[in-house]
Each structure stands twice: as structure tokens, then as C-alpha cells.
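Some notes on the structure that comes next.
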Amino acid sequence: MEEILKIFELRTYTLHVGKLSVAMKIYEDLGWPALKKYKDNIIRYYIGDVGALNQIIHVWQFQDDNSRRELWKTIYNDNDFIRFASEFRPLVLTQENKLMTAAPWTPY
């Protein structure tokens, strides 16, 4: 039986200097309440501490690119997410998304 390929999405938001604490509060009040319904796809959120600062980084998992696109389509049509995004997006300086697959020698 062939294993289904999983796709991982690494999303990095670099915030304007001095806005990390504001962004964290928005995530606590609006972001996580809006996104927790999709938590099966969320591996983890991280805050940059050393090196690149002022970053919120998160990793998502999907069965394939079609399921990834469908979930983001659903999220972008979620009114709770849109409310969160309207507060969060002005704090973002840059956004970087990377799609990755697991190395074949690494167990999932």
C-alpha cells in the first residue's frame, strides 16, 4: 500500500518592530478562537526569539495540495477569521509561505 503524501505549510509573518505584543493579544482574543476549529491541520505556532525577531511562525499539515487549497478557501470565508485578519494584517510587514514534504527517512 502506497503512503499518501503529506504537505506541510510553513507560514512566517514578520511584524513591524514593536508590534509583536499587540499581535499576540489579537491572536489570543480573536485569532485562536477563529482558528481552533481547524486545529487538526495546525501542527504548532511559534514566536521568533533569537535571530529573526518580530515573527509569528506556524506550521500546518495537509494530505495534499487540493485539501490545502480547500481548507484555506474555507478559512478565508469564515467570518471569525476575517474579523481576526482585519485586526492582524496591518501589523504584518512581510509574509512568507513555504510548502514542504517530509523527507522519506523521517517518520510522521
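Ordering of the C-alpha cells sets the chain letters (A, B, ...); residue numbers start at 1 within each chain; ligands are numbered from 1 in the order shown.
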I'd like the contact shell of Ala34 of chain A - 8 Å cut-off, only C-alpha atoms, skipping same-chain residues fewer than 6 positions apart - returned as an NGL selection string.
:A and (80-81 or 84)
Running DSSP on the backbone, which parts of chain A land in alpha helix (DSSP H), as a PyMOL selection string?
chain A and resi 20-26+32-35+65-76+79-88
Would you pick out the contacts of Ser21 of chain A at 12 Å or less, using only C-alpha atoms, so that residues sharing its chain but fewer than 6 positions from it are not included, and give the list as a list in words?
Leu15, Tyr27, Glu28, Ile47, Asn54, Gln55, Ile56, Phe88 and Leu91 of chain A
Every residue of chain A that DSSP places in strand (DSSP E), as a PyMOL selection string
chain A and resi 7-15+42-47+55-62+92-101
Excluding Arg83 of chain A and any residue of its chain fewer than 5 positions from it, enumerate the residues within 12 Å of it, using only C-alpha atoms, and give them as a CSV table (one decimal) with N, CA, C and O atoms, in the first residue's frame.
```
chain,number,residue,atom,x,y,z
A,26,ILE,N,-4.0,40.0,19.8
A,26,ILE,CA,-5.0,39.8,18.8
A,26,ILE,C,-5.2,38.3,18.5
A,26,ILE,O,-6.3,37.8,18.4
A,27,TYR,N,-4.1,37.6,18.5
A,27,TYR,CA,-4.2,36.1,18.3
A,27,TYR,C,-4.9,35.5,19.5
A,27,TYR,O,-5.7,34.6,19.3
A,29,ASP,N,-7.1,36.9,21.6
A,29,ASP,CA,-8.5,37.3,21.6
A,29,ASP,C,-9.4,36.9,20.4
A,29,ASP,O,-10.5,36.6,20.6
A,30,LEU,N,-8.8,36.9,19.2
A,30,LEU,CA,-9.5,36.7,18.0
A,30,LEU,C,-9.0,35.6,17.1
A,30,LEU,O,-9.8,34.8,16.6
A,31,GLY,N,-7.6,35.5,17.1
A,31,GLY,CA,-7.0,34.5,16.2
A,31,GLY,C,-7.3,33.1,16.5
A,31,GLY,O,-7.8,32.3,15.7
A,32,TRP,N,-6.9,32.7,17.7
A,32,TRP,CA,-7.0,31.3,18.1
A,32,TRP,C,-8.5,30.9,18.2
A,32,TRP,O,-8.9,29.8,17.8
A,33,PRO,N,-9.4,31.8,18.8
A,33,PRO,CA,-10.8,31.4,18.8
A,33,PRO,C,-11.3,31.1,17.4
A,33,PRO,O,-12.2,30.3,17.2
A,34,ALA,N,-10.8,31.9,16.4
A,34,ALA,CA,-11.3,31.7,15.0
A,34,ALA,C,-10.6,30.4,14.4
A,34,ALA,O,-11.3,29.7,13.6
A,35,LEU,N,-9.4,30.2,14.7
A,35,LEU,CA,-8.6,29.1,14.1
A,35,LEU,C,-8.7,27.7,14.8
A,35,LEU,O,-8.4,26.7,14.1
A,75,ILE,N,-11.3,28.7,5.3
A,75,ILE,CA,-10.9,29.7,6.3
A,75,ILE,C,-11.1,31.1,5.9
A,75,ILE,O,-11.6,32.0,6.6
A,76,TYR,N,-10.8,31.4,4.6
A,76,TYR,CA,-11.0,32.8,4.1
A,76,TYR,C,-12.4,33.2,4.0
A,76,TYR,O,-12.7,34.4,3.8
A,77,ASN,N,-13.3,32.2,4.1
A,77,ASN,CA,-14.8,32.5,4.1
A,77,ASN,C,-15.4,32.5,5.4
A,77,ASN,O,-16.6,32.6,5.6
A,78,ASP,N,-14.6,32.3,6.4
A,78,ASP,CA,-15.0,32.2,7.8
A,78,ASP,C,-15.0,33.7,8.4
A,78,ASP,O,-14.0,34.3,8.5
A,88,PHE,N,-5.2,41.9,12.4
A,88,PHE,CA,-3.8,41.4,12.4
A,88,PHE,C,-3.0,41.9,11.2
A,88,PHE,O,-1.9,42.3,11.4
A,89,ARG,N,-3.6,41.9,10.1
A,89,ARG,CA,-2.9,42.2,8.8
A,89,ARG,C,-2.2,43.5,8.8
A,89,ARG,O,-1.0,43.6,8.3
```
Select, from A:Phe62, A:Phe8, A:Tyr45, A:Tyr38, the residue with the minimum atom-to-atom distance to Lys98 of chain A, counting only C-alpha atoms.
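Using only C-alpha atoms, Lys98 of chain A sits closest to A:Phe8.
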Counting only C-alpha atoms, what is within 10 Å of Pro90 of chain A, bar same-chain residues fewer than 6 positions away, as a short mmCIF file (atom, residue, chain, number, x, y, z; two decimals) with N, CA, C and O atoms, in the first residue's frame?
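Result went into selection05.cif, see below:
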```cif
data_model
loop_
_atom_site.label_atom_id
_atom_site.label_comp_id
_atom_site.auth_asym_id
_atom_site.auth_seq_id
_atom_site.Cartn_x
_atom_site.Cartn_y
_atom_site.Cartn_z
N LEU A 15 6.52 40.98 11.64
CA LEU A 15 5.71 42.13 12.05
C LEU A 15 6.54 43.40 12.08
O LEU A 15 7.77 43.36 12.17
N HIS A 16 5.85 44.51 12.02
CA HIS A 16 6.53 45.79 12.22
C HIS A 16 7.15 45.78 13.62
O HIS A 16 6.56 45.24 14.57
N LYS A 19 5.45 45.58 17.38
CA LYS A 19 4.05 45.16 17.27
C LYS A 19 3.79 43.72 17.70
O LYS A 19 2.66 43.25 17.66
N ALA A 23 0.19 41.92 18.37
CA ALA A 23 -0.20 40.78 17.55
C ALA A 23 -0.55 39.57 18.41
O ALA A 23 -1.53 38.86 18.14
#
```
Pick from A:Ile7, A:Ala85, A:Ala52, A:Ala103 nearest to Asp64 of chain A, counting only C-alpha atoms:
A:Ile7
Find the residues around Lys6 of chain A up to 9 Å (only C-alpha atoms counted), leave out those fewer than 2 positions away in its own chain, and share them as an NGL selection string.
:A and (3-4 or 8 or 61-65 or 100-102)
Rounded to one decimal in Å, what is the spacing between atom CA of Trp72 of chain A and atom CA of Gly18 of chain A?
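It comes out at 28.6 Å.
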